[in-house]
>>> print(open('final_33.txt').read())   # compact mmCIF, C-alpha atoms and all ligand atoms
# COMPACT_ATOMS: atom_id res chain seq x y z
CA MET V 1471 29.08 7.29 13.75
CA HIS V 1472 27.39 8.39 16.94
CA LEU V 1473 24.13 10.38 16.64
CA ILE V 1474 22.71 7.92 14.09
CA LYS V 1475 20.55 6.30 16.73
CA GLU V 1476 19.40 9.72 18.00
CA LEU V 1477 18.75 11.14 14.54
CA PRO V 1478 15.01 11.80 14.12
CA LYS V 1479 13.81 9.43 11.39
CA VAL V 1480 10.99 8.87 8.95
CA ASP V 1481 10.11 5.44 7.52
CA LEU V 1482 7.81 5.70 4.51
CA HIS V 1483 8.12 2.09 3.36
CA LEU V 1484 7.32 -0.26 6.21
CA HIS V 1485 5.18 -3.40 5.84
CA LEU V 1486 3.10 -4.35 8.85
CA ASP V 1487 3.42 -8.09 8.26
CA GLY V 1488 7.17 -7.73 7.72
CA GLY V 1489 7.71 -6.23 11.13
CA ILE V 1490 5.99 -8.68 13.47
CA LEU V 1491 8.15 -9.65 16.43
CA PRO V 1492 8.84 -13.36 17.04
CA SER V 1493 7.75 -12.85 20.67
CA THR V 1494 4.37 -11.65 19.41
CA ILE V 1495 3.92 -14.76 17.25
CA LEU V 1496 4.74 -16.89 20.30
CA GLU V 1497 2.01 -15.15 22.30
CA LEU V 1498 -0.57 -15.16 19.49
CA ALA V 1499 0.05 -18.88 18.92
CA ALA V 1500 -0.26 -19.65 22.63
CA ALA V 1501 -3.53 -17.69 22.83
CA SER V 1502 -5.06 -19.46 19.83
CA GLY V 1503 -3.66 -22.90 20.56
CA ALA V 1504 -1.84 -22.99 17.21
CA SER V 1505 1.26 -25.13 17.05
CA LEU V 1506 4.63 -23.66 16.12
CA PRO V 1507 7.73 -25.26 14.60
CA ALA V 1508 9.92 -23.92 17.45
CA SER V 1509 9.34 -23.02 21.05
CA GLY V 1510 11.42 -19.87 21.56
CA THR V 1511 11.97 -16.59 19.74
CA GLU V 1512 15.40 -17.66 18.51
CA GLY V 1513 13.99 -20.83 17.07
CA LEU V 1514 11.20 -18.91 15.33
CA LEU V 1515 13.40 -16.28 13.76
CA PRO V 1516 14.56 -18.42 10.81
CA TYR V 1517 10.91 -18.85 9.80
CA MET V 1518 10.40 -15.07 9.80
CA GLN V 1519 13.72 -13.69 8.56
CA VAL V 1520 15.61 -14.30 5.33
CA ASP V 1521 19.17 -15.59 5.34
CA ALA V 1522 22.03 -15.62 2.86
CA ASN V 1523 20.21 -18.25 0.78
CA CYS V 1524 17.54 -15.77 -0.35
CA GLU V 1525 17.90 -15.66 -4.13
CA SER V 1526 14.95 -13.54 -5.26
CA LEU V 1527 11.87 -11.54 -4.31
CA VAL V 1528 9.83 -14.75 -4.60
CA ASP V 1529 12.08 -16.41 -1.97
CA TYR V 1530 11.80 -13.31 0.19
CA LEU V 1531 7.99 -13.26 0.00
CA GLU V 1532 7.88 -16.86 1.31
CA LYS V 1533 8.56 -15.57 4.83
CA PHE V 1534 5.25 -13.74 4.95
CA ASN V 1535 3.31 -17.00 4.68
CA PHE V 1536 4.48 -17.90 8.15
CA VAL V 1537 3.05 -14.87 9.98
CA LEU V 1538 -0.13 -14.17 8.00
CA PRO V 1539 -2.22 -16.97 9.59
CA PHE V 1540 -1.72 -15.22 12.94
CA LEU V 1541 -3.04 -11.89 11.65
CA GLN V 1542 -6.64 -12.72 10.80
CA ASP V 1543 -8.62 -10.97 13.50
CA ARG V 1544 -9.12 -7.45 14.80
CA GLU V 1545 -7.12 -7.83 17.98
CA SER V 1546 -4.00 -9.28 16.41
CA LEU V 1547 -3.98 -6.65 13.65
CA LYS V 1548 -4.44 -3.91 16.21
CA ARG V 1549 -1.67 -5.32 18.36
CA ALA V 1550 0.70 -5.68 15.40
CA ALA V 1551 0.05 -2.06 14.41
CA PHE V 1552 0.58 -0.81 17.96
CA GLU V 1553 3.85 -2.71 18.22
CA ILE V 1554 5.13 -1.36 14.91
CA VAL V 1555 4.79 2.13 16.39
CA GLU V 1556 6.50 0.97 19.58
CA SER V 1557 9.48 -0.34 17.60
CA ALA V 1558 9.59 2.84 15.50
CA ALA V 1559 9.68 4.94 18.67
CA ALA V 1560 12.67 2.94 19.92
CA ASP V 1561 14.36 3.78 16.60
CA ASN V 1562 13.65 7.51 17.07
CA CYS V 1563 11.19 7.71 14.20
CA ILE V 1564 8.90 10.73 14.28
CA TYR V 1565 6.67 9.64 11.41
CA ILE V 1566 5.91 6.28 9.77
CA GLU V 1567 3.68 5.16 6.94
CA VAL V 1568 2.71 1.56 7.66
CA ARG V 1569 1.49 -0.45 4.69
CA PHE V 1570 -0.43 -3.70 4.68
CA ALA V 1571 -2.60 -5.68 2.27
CA PRO V 1572 -6.15 -6.05 3.64
CA LEU V 1573 -6.83 -8.97 1.25
CA LEU V 1574 -4.26 -11.07 3.14
CA HIS V 1575 -6.12 -10.67 6.44
CA ILE V 1576 -9.70 -11.66 5.56
CA HIS V 1577 -9.45 -15.46 5.70
CA LYS V 1578 -11.32 -15.80 9.00
CA GLY V 1579 -14.28 -13.51 8.53
CA LEU V 1580 -12.91 -9.96 8.65
CA THR V 1581 -13.99 -7.60 5.90
CA VAL V 1582 -11.55 -5.30 4.11
CA PRO V 1583 -12.85 -2.24 6.02
CA ASP V 1584 -12.60 -4.20 9.32
CA ALA V 1585 -8.96 -4.92 8.62
CA ILE V 1586 -8.16 -1.31 7.76
CA ARG V 1587 -10.05 -0.04 10.81
CA SER V 1588 -8.16 -2.41 13.14
CA VAL V 1589 -4.76 -1.30 11.86
CA ILE V 1590 -5.73 2.36 12.18
CA GLU V 1591 -6.86 1.77 15.76
CA GLY V 1592 -3.57 0.12 16.67
CA LEU V 1593 -1.55 2.90 15.03
CA ASN V 1594 -3.63 5.56 16.80
CA GLU V 1595 -3.01 3.91 20.16
CA GLY V 1596 0.68 3.69 19.40
CA GLU V 1597 0.77 7.32 18.32
CA ALA V 1598 -0.99 8.40 21.54
CA ARG V 1599 1.42 6.36 23.67
CA TYR V 1600 4.73 7.05 21.92
CA GLY V 1601 4.22 10.32 20.07
CA VAL V 1602 5.19 8.82 16.70
CA LYS V 1603 2.77 9.94 13.99
CA ALA V 1604 1.61 6.84 12.12
CA ARG V 1605 -0.58 6.48 9.03
CA VAL V 1606 -1.75 3.56 6.88
CA ILE V 1607 -1.16 2.71 3.23
CA ALA V 1608 -3.51 -0.03 1.94
CA ILE V 1609 -1.75 -2.38 -0.48
CA CYS V 1610 -3.27 -4.01 -3.54
CA MET V 1611 -1.63 -7.36 -4.27
CA ARG V 1612 -0.35 -8.33 -7.69
CA HIS V 1613 -1.48 -11.96 -7.47
CA GLN V 1614 -5.05 -11.09 -6.44
CA PRO V 1615 -7.98 -10.60 -8.87
CA ILE V 1616 -8.61 -7.09 -10.17
CA ASP V 1617 -12.09 -6.99 -8.63
CA ASP V 1618 -10.69 -7.70 -5.16
CA ASN V 1619 -8.10 -4.97 -5.59
CA LEU V 1620 -10.83 -2.57 -6.69
CA GLU V 1621 -12.57 -3.40 -3.42
CA VAL V 1622 -9.41 -2.47 -1.49
CA VAL V 1623 -9.31 0.91 -3.22
CA ARG V 1624 -13.00 1.55 -2.51
CA ALA V 1625 -12.51 0.63 1.15
CA ALA V 1626 -9.40 2.83 1.34
CA ALA V 1627 -11.51 5.78 0.19
CA LEU V 1628 -13.70 5.35 3.29
CA PHE V 1629 -10.68 5.94 5.54
CA LEU V 1630 -8.86 8.57 3.50
CA GLY V 1631 -7.83 11.39 5.84
CA LYS V 1632 -9.02 9.31 8.80
CA GLY V 1633 -5.83 7.38 9.37
CA LEU V 1634 -5.22 6.17 5.82
CA VAL V 1635 -3.16 8.27 3.44
CA ALA V 1636 -2.54 6.25 0.27
CA VAL V 1637 -2.68 2.95 -1.61
CA ASP V 1638 0.09 0.82 -3.12
CA LEU V 1639 0.75 -2.26 -5.26
CA ALA V 1640 3.05 -5.03 -3.98
CA GLY V 1641 3.85 -8.70 -4.44
CA ASP V 1642 5.57 -10.69 -7.18
CA GLU V 1643 6.60 -7.97 -9.62
CA ALA V 1644 8.42 -10.14 -12.16
CA ASN V 1645 5.35 -12.30 -12.84
CA HIS V 1646 2.72 -9.54 -12.61
CA PRO V 1647 3.73 -6.41 -14.51
CA PRO V 1648 1.98 -3.17 -13.52
CA ALA V 1649 0.02 -2.64 -16.77
CA ARG V 1650 -2.63 -5.16 -15.63
CA PHE V 1651 -3.58 -2.81 -12.78
CA ARG V 1652 -4.47 0.33 -14.75
CA GLU V 1653 -8.13 0.07 -13.83
CA VAL V 1654 -7.31 -0.25 -10.13
CA PHE V 1655 -5.23 2.91 -10.04
CA ALA V 1656 -7.59 4.80 -12.33
CA LEU V 1657 -10.17 4.25 -9.60
CA ALA V 1658 -7.76 5.46 -6.92
CA ARG V 1659 -7.14 8.60 -8.95
CA GLN V 1660 -10.84 9.12 -9.46
CA LEU V 1661 -11.42 8.79 -5.71
CA GLY V 1662 -8.59 11.22 -4.92
CA ILE V 1663 -6.35 8.66 -3.19
CA PRO V 1664 -2.61 9.20 -3.75
CA TYR V 1665 -0.51 6.16 -4.53
CA THR V 1666 2.96 4.72 -4.55
CA ILE V 1667 3.78 1.54 -6.47
CA HIS V 1668 6.48 -1.09 -5.90
CA ALA V 1669 8.49 -1.06 -9.14
CA GLY V 1670 12.05 -1.56 -10.31
CA GLU V 1671 12.81 -4.22 -7.71
CA ALA V 1672 12.24 -7.67 -9.25
CA ALA V 1673 11.65 -6.15 -12.69
CA GLY V 1674 13.57 -3.49 -14.57
CA ALA V 1675 13.06 0.11 -15.56
CA ASP V 1676 10.08 -0.72 -17.82
CA SER V 1677 8.14 -1.54 -14.70
CA ILE V 1678 9.04 1.87 -13.20
CA GLU V 1679 8.04 3.60 -16.42
CA GLU V 1680 4.66 1.86 -16.46
CA ALA V 1681 4.10 2.67 -12.77
CA ILE V 1682 4.74 6.37 -13.45
CA GLU V 1683 3.43 6.95 -16.96
CA GLY V 1684 0.78 4.22 -17.22
CA LEU V 1685 -0.54 4.07 -13.68
CA GLY V 1686 0.32 7.57 -12.41
CA ALA V 1687 2.28 6.70 -9.26
CA VAL V 1688 3.59 9.78 -7.43
CA ARG V 1689 6.21 7.82 -5.49
CA ILE V 1690 8.03 4.59 -6.37
CA GLY V 1691 8.56 1.74 -3.93
CA HIS V 1692 12.25 0.84 -4.34
CA GLY V 1693 12.91 1.95 -7.94
CA VAL V 1694 16.47 0.82 -7.37
CA ARG V 1695 16.82 -0.55 -10.92
CA LEU V 1696 16.13 2.88 -12.44
CA ARG V 1697 19.71 3.11 -13.79
CA GLU V 1698 18.84 0.41 -16.34
CA ASN V 1699 17.14 3.15 -18.38
CA PRO V 1700 19.20 6.38 -18.39
CA ALA V 1701 16.51 8.33 -20.29
CA LEU V 1702 13.89 7.39 -17.70
CA LEU V 1703 16.34 8.32 -14.95
CA GLU V 1704 16.46 11.82 -16.43
CA VAL V 1705 12.65 12.00 -16.35
CA VAL V 1706 12.49 10.83 -12.73
CA LEU V 1707 15.20 13.35 -11.87
CA ALA V 1708 13.53 16.24 -13.69
CA ARG V 1709 10.15 15.49 -12.12
CA GLN V 1710 11.73 14.74 -8.73
CA ILE V 1711 9.69 11.58 -8.33
CA PRO V 1712 10.67 10.14 -4.95
CA LEU V 1713 12.23 6.69 -4.67
CA GLU V 1714 11.56 4.70 -1.49
CA LEU V 1715 14.88 2.83 -1.34
CA CYS V 1716 15.19 -0.08 1.09
CA PRO V 1717 18.88 -1.02 0.82
CA THR V 1718 19.09 -4.18 2.96
CA SER V 1719 15.91 -5.61 1.43
CA ASN V 1720 17.02 -4.71 -2.10
CA ILE V 1721 20.23 -6.69 -1.62
CA GLN V 1722 18.44 -9.66 -0.05
CA THR V 1723 15.96 -9.91 -2.95
CA LYS V 1724 18.88 -9.57 -5.41
CA ALA V 1725 17.39 -6.44 -6.94
CA VAL V 1726 21.06 -5.39 -6.65
CA SER V 1727 23.84 -8.01 -6.54
CA GLY V 1728 25.48 -6.68 -3.38
CA TRP V 1729 26.48 -3.61 -1.39
CA ALA V 1730 29.38 -2.80 -3.70
CA ASP V 1731 26.93 -2.34 -6.57
CA TYR V 1732 24.23 -0.49 -4.61
CA PRO V 1733 23.59 2.74 -6.55
CA ILE V 1734 22.59 5.06 -3.71
CA ARG V 1735 25.68 7.28 -3.79
CA ASP V 1736 25.43 7.65 -7.55
CA TYR V 1737 21.68 8.41 -7.39
CA TRP V 1738 22.30 10.92 -4.59
CA ASP V 1739 25.08 12.69 -6.48
CA ARG V 1740 22.84 12.98 -9.55
CA GLY V 1741 20.18 14.71 -7.45
CA LEU V 1742 17.44 12.07 -7.47
CA LEU V 1743 14.91 12.54 -4.69
CA LEU V 1744 15.79 9.65 -2.37
CA THR V 1745 14.32 8.31 0.84
CA VAL V 1746 15.70 5.39 2.85
CA ASN V 1747 13.40 2.91 4.52
CA THR V 1748 13.30 -0.50 6.20
CA ASP V 1749 10.72 -2.36 4.02
CA ASN V 1750 10.40 -5.24 6.51
CA PRO V 1751 12.29 -4.91 9.80
CA THR V 1752 11.81 -8.54 10.86
CA VAL V 1753 12.07 -10.25 7.47
CA SER V 1754 15.15 -8.19 6.59
CA GLY V 1755 16.59 -8.10 10.13
CA THR V 1756 16.94 -4.33 10.03
CA SER V 1757 15.78 -1.00 11.47
CA MET V 1758 16.01 2.63 10.40
CA THR V 1759 19.12 2.96 12.56
CA GLY V 1760 20.58 -0.11 10.85
CA GLU V 1761 19.89 1.26 7.36
CA CYS V 1762 21.46 4.62 8.27
CA GLU V 1763 24.50 2.90 9.77
CA ALA V 1764 24.95 0.83 6.62
CA LEU V 1765 24.91 4.00 4.48
CA ALA V 1766 27.40 5.72 6.80
CA GLU V 1767 29.78 2.76 6.81
CA ARG V 1768 29.55 1.66 3.21
CA PHE V 1769 28.93 4.90 1.34
CA ARG V 1770 30.31 7.52 3.74
CA PHE V 1771 26.96 9.22 4.19
CA THR V 1772 27.51 11.97 6.76
CA ILE V 1773 25.04 12.66 9.55
CA GLU V 1774 23.97 15.76 7.59
CA GLU V 1775 23.31 13.67 4.48
CA LEU V 1776 21.33 11.15 6.53
CA ALA V 1777 19.33 14.01 8.01
CA SER V 1778 18.65 15.30 4.48
CA LEU V 1779 17.35 11.86 3.48
CA MET V 1780 14.95 12.02 6.44
CA ARG V 1781 13.88 15.52 5.53
CA ASN V 1782 13.20 14.31 1.97
CA ALA V 1783 10.91 11.67 3.44
CA LEU V 1784 9.00 14.29 5.42
CA ASN V 1785 8.66 16.44 2.31
CA VAL V 1786 7.14 13.60 0.26
CA ALA V 1787 5.05 12.03 3.02
CA PHE V 1788 1.37 11.46 2.14
CA LEU V 1789 0.23 14.02 4.71
CA PRO V 1790 -1.67 17.30 4.45
CA ALA V 1791 0.62 20.35 4.19
CA ASN V 1792 -0.17 21.67 7.68
CA GLU V 1793 0.68 18.32 9.33
CA LYS V 1794 3.90 18.12 7.35
CA ALA V 1795 4.86 21.63 8.40
CA ALA V 1796 4.34 20.77 12.07
CA LEU V 1797 6.45 17.62 11.70
CA ARG V 1798 9.17 19.58 9.92
CA GLU V 1799 9.31 21.97 12.86
CA GLU V 1800 9.65 19.09 15.27
CA PHE V 1801 12.32 17.55 13.05
CA ASP V 1802 14.30 20.81 12.93
CA ARG V 1803 14.04 21.23 16.71
CA ARG V 1804 15.38 17.74 17.26
CA LEU V 1805 18.19 18.26 14.74
CA SER V 1806 19.32 21.49 16.37
CA ALA V 1807 19.21 19.85 19.81
CA LEU V 1808 21.69 17.31 18.38
CA GLY V 1809 23.81 20.08 16.86
CA ILE V 1810 23.12 18.96 13.30
CA ALA V 1811 22.62 21.70 10.71
CA ILE V 1812 21.36 21.01 7.19
O1 LIG Y 1 9.71 -5.46 -1.13
C1 LIG Y 1 8.62 -5.98 -1.40
N1 LIG Y 1 8.25 -6.12 -2.70
C2 LIG Y 1 7.06 -6.65 -3.06
N2 LIG Y 1 6.18 -7.11 -2.17
C3 LIG Y 1 6.52 -7.03 -0.86
C4 LIG Y 1 7.72 -6.48 -0.43
N3 LIG Y 1 7.76 -6.55 0.92
C5 LIG Y 1 6.61 -7.11 1.30
N4 LIG Y 1 5.86 -7.41 0.23
C6 LIG Y 1 4.56 -8.05 0.19
C7 LIG Y 1 4.47 -9.25 1.13
C8 LIG Y 1 3.47 -8.85 2.16
O2 LIG Y 1 2.69 -9.93 2.61
C9 LIG Y 1 2.64 -7.83 1.43
C10 LIG Y 1 1.84 -6.91 2.30
O3 LIG Y 1 2.62 -6.25 3.24
O4 LIG Y 1 3.58 -7.12 0.64
ZN ZN Y 2 7.87 -3.13 0.12
>>> encode(input="final_33.txt", output="structure tokens")
Amino acid sequence: MHLIKELPKVDLHLHLDGGILPSTILELAAASGASLPASGTEGLLPYMQVDANCESLVDYLEKFNFVLPFLQDRESLKRAAFEIVESAAADNCIYIEVRFAPLLHIHKGLTVPDAIRSVIEGLNEGEARYGVKARVIAICMRHQPIDDNLEVVRAAALFLGKGLVAVDLAGDEANHPPARFREVFALARQLGIPYTIHAGEAAGADSIEEAIEGLGAVRIGHGVRLRENPALLEVVLARQIPLELCPTSNIQTKAVSGWADYPIRDYWDRGLLLTVNTDNPTVSGTSMTGECEALAERFRFTIEELASLMRNALNVAFLPANEKAALREEFDRRLSALGIAI
């Protein structure tokens, strides 16, 4: 379907370390003298992107180990953030929420606030250059100690409203259920930081229920396995809790067995509040345009339905109301220039 590329888009679920370009790794390695297992971008790609052999979220998460050693200083974090905005601009995004886990970037002397500041600087430069509004979500990691995650939340509070908009919980869901993190998100709530939580990806609906009822998440990262508990689905529907679906990633991690079983059309028809996102453009080999094209081809989403998904994302973005209203106006202007009415 033409117009998909031109459609103004919003990506609310986009990991910084999942969107690093192979060409950037080549340059960062050359600058630091680090050796690489391949000499060109094509040779590097298999180390950064999953293939058909990916059997689980744990397999999928392996790919991040390759890029993280290159993202341990201010300049590389800033560059990665700038380039994420550059790629989003090429995809016609008008707003992105870029998430990253500060604890994964402090192995060579950075502090958690240093890491957050560097990413904000890179996003701000990207926003100034490309006109794509870009904000940070700081991620707590499931395999890290509670005290370290509390530190991430405290640092996030320092940047709230100054480039950072929320916190999150990610990592190996099946082996680290959300209940262990109640204290972490109680602190976020106390500090007035909104949060989304990855749930219902590598674990079932119980994980979603705990994220919402136990931890108080206002959005759910993925949530694709919600159908496993029809009563909970009714609650999520009634409360219009947004799901950040990432179709290609969800199929690669085997959260869903394949495209034929992907529940997006069913969830949409029931009236769940859905958004569609990339998760990790490089690891998953996708883009917002790619995700939209997949929905158009496989589930007959019309351009109007895709535009509605993007408008949903704007509506549930972690932005102040006045900034959202301005973005909505820009979105509507761009839609009408394309002749799309929703
Ligand atoms: O889809 C995901 N589920 C759980 N964890 C994830 C996903 N994508 C990326 N991550 C992890 C790996 C990254 O290193 C980390 C911070 O972006 O978040
Ligand atoms: Zn994710």
>>> residues_around(input="final_33.txt", residues="V:Glu1476", least_positions_apart="5", cutoff="12 Å", atoms="all atoms listed in the file", output="list in words")
Met1471, Ala1559, Ala1560, Asp1561, Asn1562, Cys1563, Ile1564, Met1758, Thr1759, Cys1762, Glu1763, Ile1773, Leu1776, Ala1777, Phe1801, Arg1804, Leu1805, Ser1806, Ala1807, Leu1808, Gly1809 and Ile1810 of chain V
>>> residues_around(input="final_33.txt", residues="V:Val1654", least_positions_apart="2", cutoff="7 Å", atoms="only C-alpha atoms", output="PyMOL selection string")
chain V and resi 1616+1619-1620+1651-1652+1656-1658
>>> residues_around(input="final_33.txt", residues="V:Ile1711", least_positions_apart="3", cutoff="9 Å", atoms="all atoms listed in the file", output="tab-separated table (two decimals) with C-alpha atoms, in the frame of the given file")
chain	number	residue	atom	x	y	z
V	1682	ILE	CA	4.74	6.37	-13.45
V	1687	ALA	CA	2.28	6.70	-9.26
V	1688	VAL	CA	3.59	9.78	-7.43
V	1689	ARG	CA	6.21	7.82	-5.49
V	1690	ILE	CA	8.03	4.59	-6.37
V	1705	VAL	CA	12.65	12.00	-16.35
V	1706	VAL	CA	12.49	10.83	-12.73
V	1707	LEU	CA	15.20	13.35	-11.87
V	1708	ALA	CA	13.53	16.24	-13.69
V	1742	LEU	CA	17.44	12.07	-7.47
V	1743	LEU	CA	14.91	12.54	-4.69
V	1744	LEU	CA	15.79	9.65	-2.37
>>> residues_near_ligand(input="final_33.txt", ligand="ligand LIG 1 (chain Y)", cutoff="7 Å", atoms="all atoms listed in the file", output="ChimeraX atom specification")
/V:1485-1488,1527,1531,1534,1569-1571,1609,1640-1643,1668,1719,1749-1750
>>> write_last_selection(input="final_33.txt", atoms="C-alpha atoms", output="PDB file, keeping the file's coordinate frame")
ATOM      1  CA  HIS V1485       5.180  -3.400   5.840  1.00  0.00           C
ATOM      2  CA  LEU V1486       3.100  -4.350   8.850  1.00  0.00           C
ATOM      3  CA  ASP V1487       3.420  -8.090   8.260  1.00  0.00           C
ATOM      4  CA  GLY V1488       7.170  -7.730   7.720  1.00  0.00           C
ATOM      5  CA  LEU V1527      11.870 -11.540  -4.310  1.00  0.00           C
ATOM      6  CA  LEU V1531       7.990 -13.260   0.000  1.00  0.00           C
ATOM      7  CA  PHE V1534       5.250 -13.740   4.950  1.00  0.00           C
ATOM      8  CA  ARG V1569       1.490  -0.450   4.690  1.00  0.00           C
ATOM      9  CA  PHE V1570      -0.430  -3.700   4.680  1.00  0.00           C
ATOM     10  CA  ALA V1571      -2.600  -5.680   2.270  1.00  0.00           C
ATOM     11  CA  ILE V1609      -1.750  -2.380  -0.480  1.00  0.00           C
ATOM     12  CA  ALA V1640       3.050  -5.030  -3.980  1.00  0.00           C
ATOM     13  CA  GLY V1641       3.850  -8.700  -4.440  1.00  0.00           C
ATOM     14  CA  ASP V1642       5.570 -10.690  -7.180  1.00  0.00           C
ATOM     15  CA  GLU V1643       6.600  -7.970  -9.620  1.00  0.00           C
ATOM     16  CA  HIS V1668       6.480  -1.090  -5.900  1.00  0.00           C
ATOM     17  CA  SER V1719      15.910  -5.610   1.430  1.00  0.00           C
ATOM     18  CA  ASP V1749      10.720  -2.360   4.020  1.00  0.00           C
ATOM     19  CA  ASN V1750      10.400  -5.240   6.510  1.00  0.00           C
TER      20      ASN V1750
END
>>> closest_residue(input="final_33.txt", among="V:His1575, V:Arg1587, V:His1692, V:Arg1549", to="ligand ZN 2 (chain Y)", atoms="all atoms listed in the file")
V:His1692
>>> residues_near_point(input="final_33.txt", point="(28.6, 2.2, 1.4)", cutoff="9 Å", atoms="all atoms listed in the file", output="CSV table (one decimal) with C-alpha atoms, in the coordinates of the input")
chain,number,residue,atom,x,y,z
V,1729,TRP,CA,26.5,-3.6,-1.4
V,1730,ALA,CA,29.4,-2.8,-3.7
V,1732,TYR,CA,24.2,-0.5,-4.6
V,1734,ILE,CA,22.6,5.1,-3.7
V,1735,ARG,CA,25.7,7.3,-3.8
V,1764,ALA,CA,25.0,0.8,6.6
V,1765,LEU,CA,24.9,4.0,4.5
V,1766,ALA,CA,27.4,5.7,6.8
V,1767,GLU,CA,29.8,2.8,6.8
V,1768,ARG,CA,29.6,1.7,3.2
V,1769,PHE,CA,28.9,4.9,1.3
V,1770,ARG,CA,30.3,7.5,3.7
V,1771,PHE,CA,27.0,9.2,4.2
>>> residues_around(input="final_33.txt", residues="V:Asn1699", least_positions_apart="5", cutoff="10 Å", atoms="only C-alpha atoms", output="PyMOL selection string")
chain V and resi 1674-1676+1678-1679+1704
>>> write_last_selection(input="final_33.txt", atoms="C-alpha atoms", output="PDB file, in the frame of the given file")
ATOM      1  CA  GLY V1674      13.570  -3.490 -14.570  1.00  0.00           C
ATOM      2  CA  ALA V1675      13.060   0.110 -15.560  1.00  0.00           C
ATOM      3  CA  ASP V1676      10.080  -0.720 -17.820  1.00  0.00           C
ATOM      4  CA  ILE V1678       9.040   1.870 -13.200  1.00  0.00           C
ATOM      5  CA  GLU V1679       8.040   3.600 -16.420  1.00  0.00           C
ATOM      6  CA  GLU V1704      16.460  11.820 -16.430  1.00  0.00           C
TER       7      GLU V1704
END
>>> closest_residue(input="final_33.txt", among="V:Cys1716, V:Cys1524, V:Leu1580, V:Ala1701", to="ligand ZN 2 (chain Y)", atoms="all atoms listed in the file")
V:Cys1716
>>> decode(input="final_33.txt", residues="stretch 1734-1746 of chain V", atoms="N, CA and C atoms", output="PDB file, in the first residue's frame")
ATOM      1  N   ILE V1734      -3.395  -9.312  16.717  1.00  0.00           N
ATOM      2  CA  ILE V1734      -3.658  -7.872  16.628  1.00  0.00           C
ATOM      3  C   ILE V1734      -5.044  -7.545  16.054  1.00  0.00           C
ATOM      4  N   ARG V1735      -5.473  -8.281  15.060  1.00  0.00           N
ATOM      5  CA  ARG V1735      -6.789  -7.969  14.473  1.00  0.00           C
ATOM      6  C   ARG V1735      -7.898  -8.228  15.494  1.00  0.00           C
ATOM      7  N   ASP V1736      -7.764  -9.322  16.202  1.00  0.00           N
ATOM      8  CA  ASP V1736      -8.745  -9.658  17.233  1.00  0.00           C
ATOM      9  C   ASP V1736      -8.742  -8.588  18.345  1.00  0.00           C
ATOM     10  N   TYR V1737      -7.569  -8.214  18.821  1.00  0.00           N
ATOM     11  CA  TYR V1737      -7.470  -7.193  19.874  1.00  0.00           C
ATOM     12  C   TYR V1737      -8.062  -5.863  19.387  1.00  0.00           C
ATOM     13  N   TRP V1738      -7.785  -5.539  18.145  1.00  0.00           N
ATOM     14  CA  TRP V1738      -8.284  -4.285  17.557  1.00  0.00           C
ATOM     15  C   TRP V1738      -9.820  -4.296  17.487  1.00  0.00           C
ATOM     16  N   ASP V1739     -10.350  -5.413  17.004  1.00  0.00           N
ATOM     17  CA  ASP V1739     -11.807  -5.521  16.866  1.00  0.00           C
ATOM     18  C   ASP V1739     -12.513  -5.465  18.228  1.00  0.00           C
ATOM     19  N   ARG V1740     -11.843  -5.951  19.258  1.00  0.00           N
ATOM     20  CA  ARG V1740     -12.439  -5.901  20.601  1.00  0.00           C
ATOM     21  C   ARG V1740     -12.377  -4.509  21.207  1.00  0.00           C
ATOM     22  N   GLY V1741     -11.542  -3.634  20.629  1.00  0.00           N
ATOM     23  CA  GLY V1741     -11.462  -2.259  21.138  1.00  0.00           C
ATOM     24  C   GLY V1741     -10.351  -2.011  22.142  1.00  0.00           C
ATOM     25  N   LEU V1742      -9.389  -2.949  22.232  1.00  0.00           N
ATOM     26  CA  LEU V1742      -8.233  -2.679  23.097  1.00  0.00           C
ATOM     27  C   LEU V1742      -7.465  -1.480  22.562  1.00  0.00           C
ATOM     28  N   LEU V1743      -6.817  -0.755  23.470  1.00  0.00           N
ATOM     29  CA  LEU V1743      -6.061   0.430  23.046  1.00  0.00           C
ATOM     30  C   LEU V1743      -4.652  -0.019  22.610  1.00  0.00           C
ATOM     31  N   LEU V1744      -4.459  -0.117  21.300  1.00  0.00           N
ATOM     32  CA  LEU V1744      -3.216  -0.672  20.763  1.00  0.00           C
ATOM     33  C   LEU V1744      -2.302   0.398  20.196  1.00  0.00           C
ATOM     34  N   THR V1745      -0.991   0.167  20.360  1.00  0.00           N
ATOM     35  CA  THR V1745       0.002   0.926  19.609  1.00  0.00           C
ATOM     36  C   THR V1745       0.914  -0.108  18.947  1.00  0.00           C
ATOM     37  N   VAL V1746       1.566   0.300  17.874  1.00  0.00           N
ATOM     38  CA  VAL V1746       2.475  -0.607  17.170  1.00  0.00           C
ATOM     39  C   VAL V1746       3.851   0.042  17.108  1.00  0.00           C
TER      40      VAL V1746
END
